[in-house]
Amino acid sequence: MMKLKQSRRVLGALLMWGLPIGFMAAPLHAESKIAVDVNGDKIYVTDVERVITMIKDREPALQSGSEAAQKSLKDLRDSITENFIVQKLLIQEANRQKIALKEEDVEAGFKSFKADYGDEDAFKKAIAAEGKSPADVRRTIQEELMLRELTSRMTADIQVTDADMQAYYNAHLAEFKVPEMVRARHILVSYPEKATEAQKNEARARASDLLKKAQAKGADFGKLARENTDDTGTKDSGGDLDFATRGTFVAPFEKAVFGSPLGLLPRVVETDYGLHIIRIEQKEPERTLTFQEIKGDQQLRLELRQDKIKKRIDDKIAALRKSAKITTY
């Protein structure tokens with residue numbers, strides 16, 4: 001059984017706020033006004049307001065009393081009510097499909113929820129503050145498990161085919177562009193902090209000498225960098241900066257590496273970090289990934305399947321709503 005998401009603060013919760021929709025199930029209300037009737041199942045004003053209060057406690061901007069806050073609260077109330085309606089419709093559908101749960105699964109969910117409170121007294125005190133009883137919690141857990149089972153049944157057959165991947169690829173080519181990249185190594189000769197002109201000249205002389213060594217026949221640039229660079233971040237890798245796109249480096253360095261051919265640059269490049277001897281190792285032009293390169297992207301397949309699942313559920317909810325008798329009071 002999938003572990004239920006838990007909340008110490010409230011049972012009246014809302015999916016759109018990152019809390020489990022199942023915990024919106026209402027207890028029995030002897031005197032509460034009815035907000036909406038969904039095929040005979042009642043949604044009570046007290047439960048809608050309870051969720052609003054919970055969210056207001058978390059969102060100070062909703063407490064200001066301003067015109068904007070009042071509008072936000074109205075929109076929020078509409079959204080909460082709609083979530084209650086959807087919950088009722090789906091629970092009714094689960095009952096029509098005679099979805100049966102194992103009692104041990106419900107009991108395990110109930111015990112898991114209680115455990116979040118530490119002990120029995122804390123659990124009962126917390127739910128009593130929300131106007132709920134242990135029986136309400138158990139019913140809520142049962143309904144949430146029913147919703148999960150219903151969703152699973154509704155979407156179990158959904159798969160993402162290569163044709164789906166191809167269609168998405170064709171419609172979103174811009175997403176698969178790989179920008180121009182360059183891979184370079186460098187040796188940094190840094191200036192001392194608040195360097196004098198004499199110190200800068202000394203650094204320039206050192207950089208010039210290193211450039212000559214790098215230009216020598218058979219020179220090992222990586223070894224030269226490991227032994228001489230002031231860049232501690234790339235020292236162990238022989239000055240390797242790995243592949244980078246435009247915008248990665250400061251302007252003078254970027255202009256040099258993207259504007260020069262492969263090989264050792266014939267001049268020292270100066271930046272705010274100091275003086276750089278640069279060797280360009282590889283260049284990759286901008287290109288678009290081929291479909292063959294992306295068809296095995298499991299994360300993309302998962303996202304496309306989630307989109308299909310959402311559409312299937314949204315369509316089902318729309319159909320249930322169309323055939324339902326919903327009365328707002």
# chains A, B, ... in the order shown; residues from 1 in each chain; ligands from 1

call {"tool": "closest_atom_pairs", "arguments": {"of": "region 123-231 of chain A", "to": "region 276-281 of chain A", "cutoff": "12 Å", "atoms": "only C-alpha atoms", "output": "JSON lines"}}
result
{"residue": "A:Met181", "atom": "CA", "partner": "A:Glu281", "partner_atom": "CA", "distance": 11.1}
{"residue": "A:Val182", "atom": "CA", "partner": "A:Ile280", "partner_atom": "CA", "distance": 7.5}
{"residue": "A:Arg183", "atom": "CA", "partner": "A:Glu281", "partner_atom": "CA", "distance": 5.5}
{"residue": "A:Ala184", "atom": "CA", "partner": "A:Ile280", "partner_atom": "CA", "distance": 4.3}
{"residue": "A:Arg185", "atom": "CA", "partner": "A:Arg279", "partner_atom": "CA", "distance": 5.3}
{"residue": "A:His186", "atom": "CA", "partner": "A:Ile278", "partner_atom": "CA", "distance": 4.4}
{"residue": "A:Ile187", "atom": "CA", "partner": "A:Ile277", "partner_atom": "CA", "distance": 5.1}
{"residue": "A:Leu188", "atom": "CA", "partner": "A:His276", "partner_atom": "CA", "distance": 4.7}
{"residue": "A:Val189", "atom": "CA", "partner": "A:His276", "partner_atom": "CA", "distance": 6.4}
{"residue": "A:Ser190", "atom": "CA", "partner": "A:His276", "partner_atom": "CA", "distance": 8.5}
{"residue": "A:Tyr191", "atom": "CA", "partner": "A:His276", "partner_atom": "CA", "distance": 11.2}
{"residue": "A:Ala203", "atom": "CA", "partner": "A:His276", "partner_atom": "CA", "distance": 10.7}
{"residue": "A:Arg204", "atom": "CA", "partner": "A:His276", "partner_atom": "CA", "distance": 9.9}
{"residue": "A:Arg206", "atom": "CA", "partner": "A:Ile277", "partner_atom": "CA", "distance": 10.8}
{"residue": "A:Ala207", "atom": "CA", "partner": "A:Ile277", "partner_atom": "CA", "distance": 7.1}
{"residue": "A:Ser208", "atom": "CA", "partner": "A:Ile277", "partner_atom": "CA", "distance": 8.6}
{"residue": "A:Asp209", "atom": "CA", "partner": "A:Ile277", "partner_atom": "CA", "distance": 10.2}
{"residue": "A:Leu210", "atom": "CA", "partner": "A:Ile277", "partner_atom": "CA", "distance": 7.5}
{"residue": "A:Leu211", "atom": "CA", "partner": "A:Ile277", "partner_atom": "CA", "distance": 6.1}
{"residue": "A:Lys212", "atom": "CA", "partner": "A:Ile277", "partner_atom": "CA", "distance": 9.9}
{"residue": "A:Lys213", "atom": "CA", "partner": "A:Ile277", "partner_atom": "CA", "distance": 10.5}
{"residue": "A:Ala214", "atom": "CA", "partner": "A:Ile277", "partner_atom": "CA", "distance": 8.3}
{"residue": "A:Gln215", "atom": "CA", "partner": "A:Arg279", "partner_atom": "CA", "distance": 10.2}
{"residue": "A:Ala219", "atom": "CA", "partner": "A:Arg279", "partner_atom": "CA", "distance": 11.8}
{"residue": "A:Asp220", "atom": "CA", "partner": "A:Arg279", "partner_atom": "CA", "distance": 11.1}
{"residue": "A:Phe221", "atom": "CA", "partner": "A:Arg279", "partner_atom": "CA", "distance": 7.9}
{"residue": "A:Gly222", "atom": "CA", "partner": "A:Arg279", "partner_atom": "CA", "distance": 9.8}
{"residue": "A:Leu224", "atom": "CA", "partner": "A:Ile277", "partner_atom": "CA", "distance": 10.5}
{"residue": "A:Ala225", "atom": "CA", "partner": "A:Ile277", "partner_atom": "CA", "distance": 9.2}
{"residue": "A:Asn228", "atom": "CA", "partner": "A:Ile277", "partner_atom": "CA", "distance": 10.9}
{"residue": "A:Thr229", "atom": "CA", "partner": "A:His276", "partner_atom": "CA", "distance": 9.1}
{"residue": "A:Asp230", "atom": "CA", "partner": "A:His276", "partner_atom": "CA", "distance": 9.9}
{"residue": "A:Asp231", "atom": "CA", "partner": "A:His276", "partner_atom": "CA", "distance": 10.0}

call {"tool": "select_by_dssp", "arguments": {"residues": "region 71-271 of chain A", "states": "strand (DSSP E)", "output": "ChimeraX atom specification"}}
result
/A:177-178,181-189,240-245,263-264,269-271

call {"tool": "closest_atom_pairs", "arguments": {"of": "region 223-255 of chain A", "to": "region 284-294 of chain A", "cutoff": "12 Å", "atoms": "only C-alpha atoms", "output": "CSV"}}
result
residue,atom,partner,partner_atom,distance
A:Phe243,CA,A:Glu284,CA,8.9
A:Ala244,CA,A:Glu284,CA,9.9
A:Thr245,CA,A:Glu284,CA,9.7
A:Arg246,CA,A:Glu286,CA,11.1

call {"tool": "write_last_selection", "arguments": {"atoms": "N, CA, C and O atoms", "output": "PDB file, in the first residue's frame"}}
result
ATOM      1  N   PHE A 243      33.325  21.027 -20.898  1.00  0.00           N
ATOM      2  CA  PHE A 243      32.521  21.707 -21.917  1.00  0.00           C
ATOM      3  C   PHE A 243      31.724  22.847 -21.277  1.00  0.00           C
ATOM      4  O   PHE A 243      31.161  22.696 -20.191  1.00  0.00           O
ATOM      5  N   ALA A 244      31.658  23.966 -21.954  1.00  0.00           N
ATOM      6  CA  ALA A 244      30.942  25.129 -21.446  1.00  0.00           C
ATOM      7  C   ALA A 244      30.243  25.839 -22.596  1.00  0.00           C
ATOM      8  O   ALA A 244      30.684  25.783 -23.754  1.00  0.00           O
ATOM      9  N   THR A 245      29.135  26.490 -22.267  1.00  0.00           N
ATOM     10  CA  THR A 245      28.381  27.266 -23.247  1.00  0.00           C
ATOM     11  C   THR A 245      28.683  28.751 -23.065  1.00  0.00           C
ATOM     12  O   THR A 245      29.305  29.156 -22.074  1.00  0.00           O
ATOM     13  N   ARG A 246      28.239  29.548 -24.017  1.00  0.00           N
ATOM     14  CA  ARG A 246      28.388  31.000 -23.888  1.00  0.00           C
ATOM     15  C   ARG A 246      27.679  31.476 -22.632  1.00  0.00           C
ATOM     16  O   ARG A 246      26.611  30.976 -22.278  1.00  0.00           O
TER      17      ARG A 246
END

call {"tool": "residues_around", "arguments": {"residues": "Arg301 (chain A)", "least_positions_apart": "6", "cutoff": "12 Å", "atoms": "only C-alpha atoms", "output": "list in words"}}
result
Ile158, Gln159, Val160, Thr161, Asp162, Ala163, Asp164, Met165, Gln166, Tyr168, Tyr169, Ile294, Lys295, Asp307 and Lys308 of chain A

call {"tool": "residues_around", "arguments": {"residues": "Ile99 (chain A)", "least_positions_apart": "2", "cutoff": "8 Å", "atoms": "only C-alpha atoms", "output": "number ranges by chain"}}
result
A: 94-97, 101, 146, 149-150

call {"tool": "write_last_selection", "arguments": {"atoms": "N, CA and C atoms", "output": "compact mmCIF listing (two decimals), in the first residue's frame"}}
result
# COMPACT_ATOMS: atom_id res chain seq x y z
N ALA A 94 -16.01 5.38 -7.52
CA ALA A 94 -15.34 4.23 -6.92
C ALA A 94 -16.37 3.27 -6.31
N ASN A 95 -17.39 3.83 -5.69
CA ASN A 95 -18.45 2.98 -5.13
C ASN A 95 -19.24 2.29 -6.24
N ARG A 96 -19.49 2.99 -7.35
CA ARG A 96 -20.21 2.37 -8.47
C ARG A 96 -19.41 1.19 -9.03
N GLN A 97 -18.08 1.35 -9.03
CA GLN A 97 -17.24 0.27 -9.53
C GLN A 97 -16.98 -0.81 -8.48
N LEU A 101 -11.56 -2.61 -0.57
CA LEU A 101 -10.23 -2.50 0.02
C LEU A 101 -10.03 -3.60 1.06
N MET A 146 -9.36 4.41 -1.78
CA MET A 146 -10.29 4.13 -2.88
C MET A 146 -9.99 5.00 -4.09
N GLU A 149 -6.93 3.66 -5.83
CA GLU A 149 -7.23 2.45 -6.59
C GLU A 149 -8.02 2.79 -7.84
N LEU A 150 -8.97 3.71 -7.73
CA LEU A 150 -9.74 4.14 -8.88
C LEU A 150 -8.83 4.75 -9.94

call {"tool": "residues_around", "arguments": {"residues": "Asp236 (chain A)", "least_positions_apart": "2", "cutoff": "6 Å", "atoms": "only C-alpha atoms", "output": "VMD selection string"}}
result
chain A and resid 226 234 238

call {"tool": "write_last_selection", "arguments": {"atoms": "N, CA and C atoms", "output": "PDB file, in the first residue's frame"}}
result
ATOM      1  N   ARG A 226      49.074  21.608 -13.954  1.00  0.00           N
ATOM      2  CA  ARG A 226      49.077  21.029 -12.603  1.00  0.00           C
ATOM      3  C   ARG A 226      50.209  21.595 -11.751  1.00  0.00           C
ATOM      4  N   THR A 234      40.857  23.780 -10.832  1.00  0.00           N
ATOM      5  CA  THR A 234      41.179  22.955 -12.003  1.00  0.00           C
ATOM      6  C   THR A 234      42.608  22.419 -11.966  1.00  0.00           C
ATOM      7  N   GLY A 238      44.550  19.324 -14.499  1.00  0.00           N
ATOM      8  CA  GLY A 238      45.422  19.894 -15.527  1.00  0.00           C
ATOM      9  C   GLY A 238      44.811  21.088 -16.224  1.00  0.00           C
TER      10      GLY A 238
END

call {"tool": "closest_atom_pairs", "arguments": {"of": "region 57-105 of chain A", "to": "region 311-320 of chain A", "cutoff": "8 Å", "atoms": "only C-alpha atoms", "output": "CSV"}}
result
residue,atom,partner,partner_atom,distance
A:Val86,CA,A:Ile317,CA,6.9
A:Leu89,CA,A:Leu320,CA,6.5
A:Leu90,CA,A:Ile317,CA,7.5

call {"tool": "atom_distance", "arguments": {"atom1": "CA of Asp240 (chain A)", "atom2": "CA of Glu175 (chain A)"}}
result
28.4 Å

call {"tool": "select_by_dssp", "arguments": {"residues": "region 115-283 of chain A", "states": "alpha helix (DSSP H)", "output": "PyMOL selection string"}}
result
chain A and resi 115+120-129+134-155+162-171+197-215+221-228+251-258

call {"tool": "closest_residue", "arguments": {"among": "A:Ile80, A:Ile309, A:Val250, A:Ala216", "to": "Leu264 (chain A)", "atoms": "only C-alpha atoms"}}
result
A:Ala216

call {"tool": "closest_residue", "arguments": {"among": "A:Tyr44, A:Phe253, A:Tyr273, A:Phe84", "to": "Ser32 (chain A)", "atoms": "only C-alpha atoms"}}
result
A:Tyr44
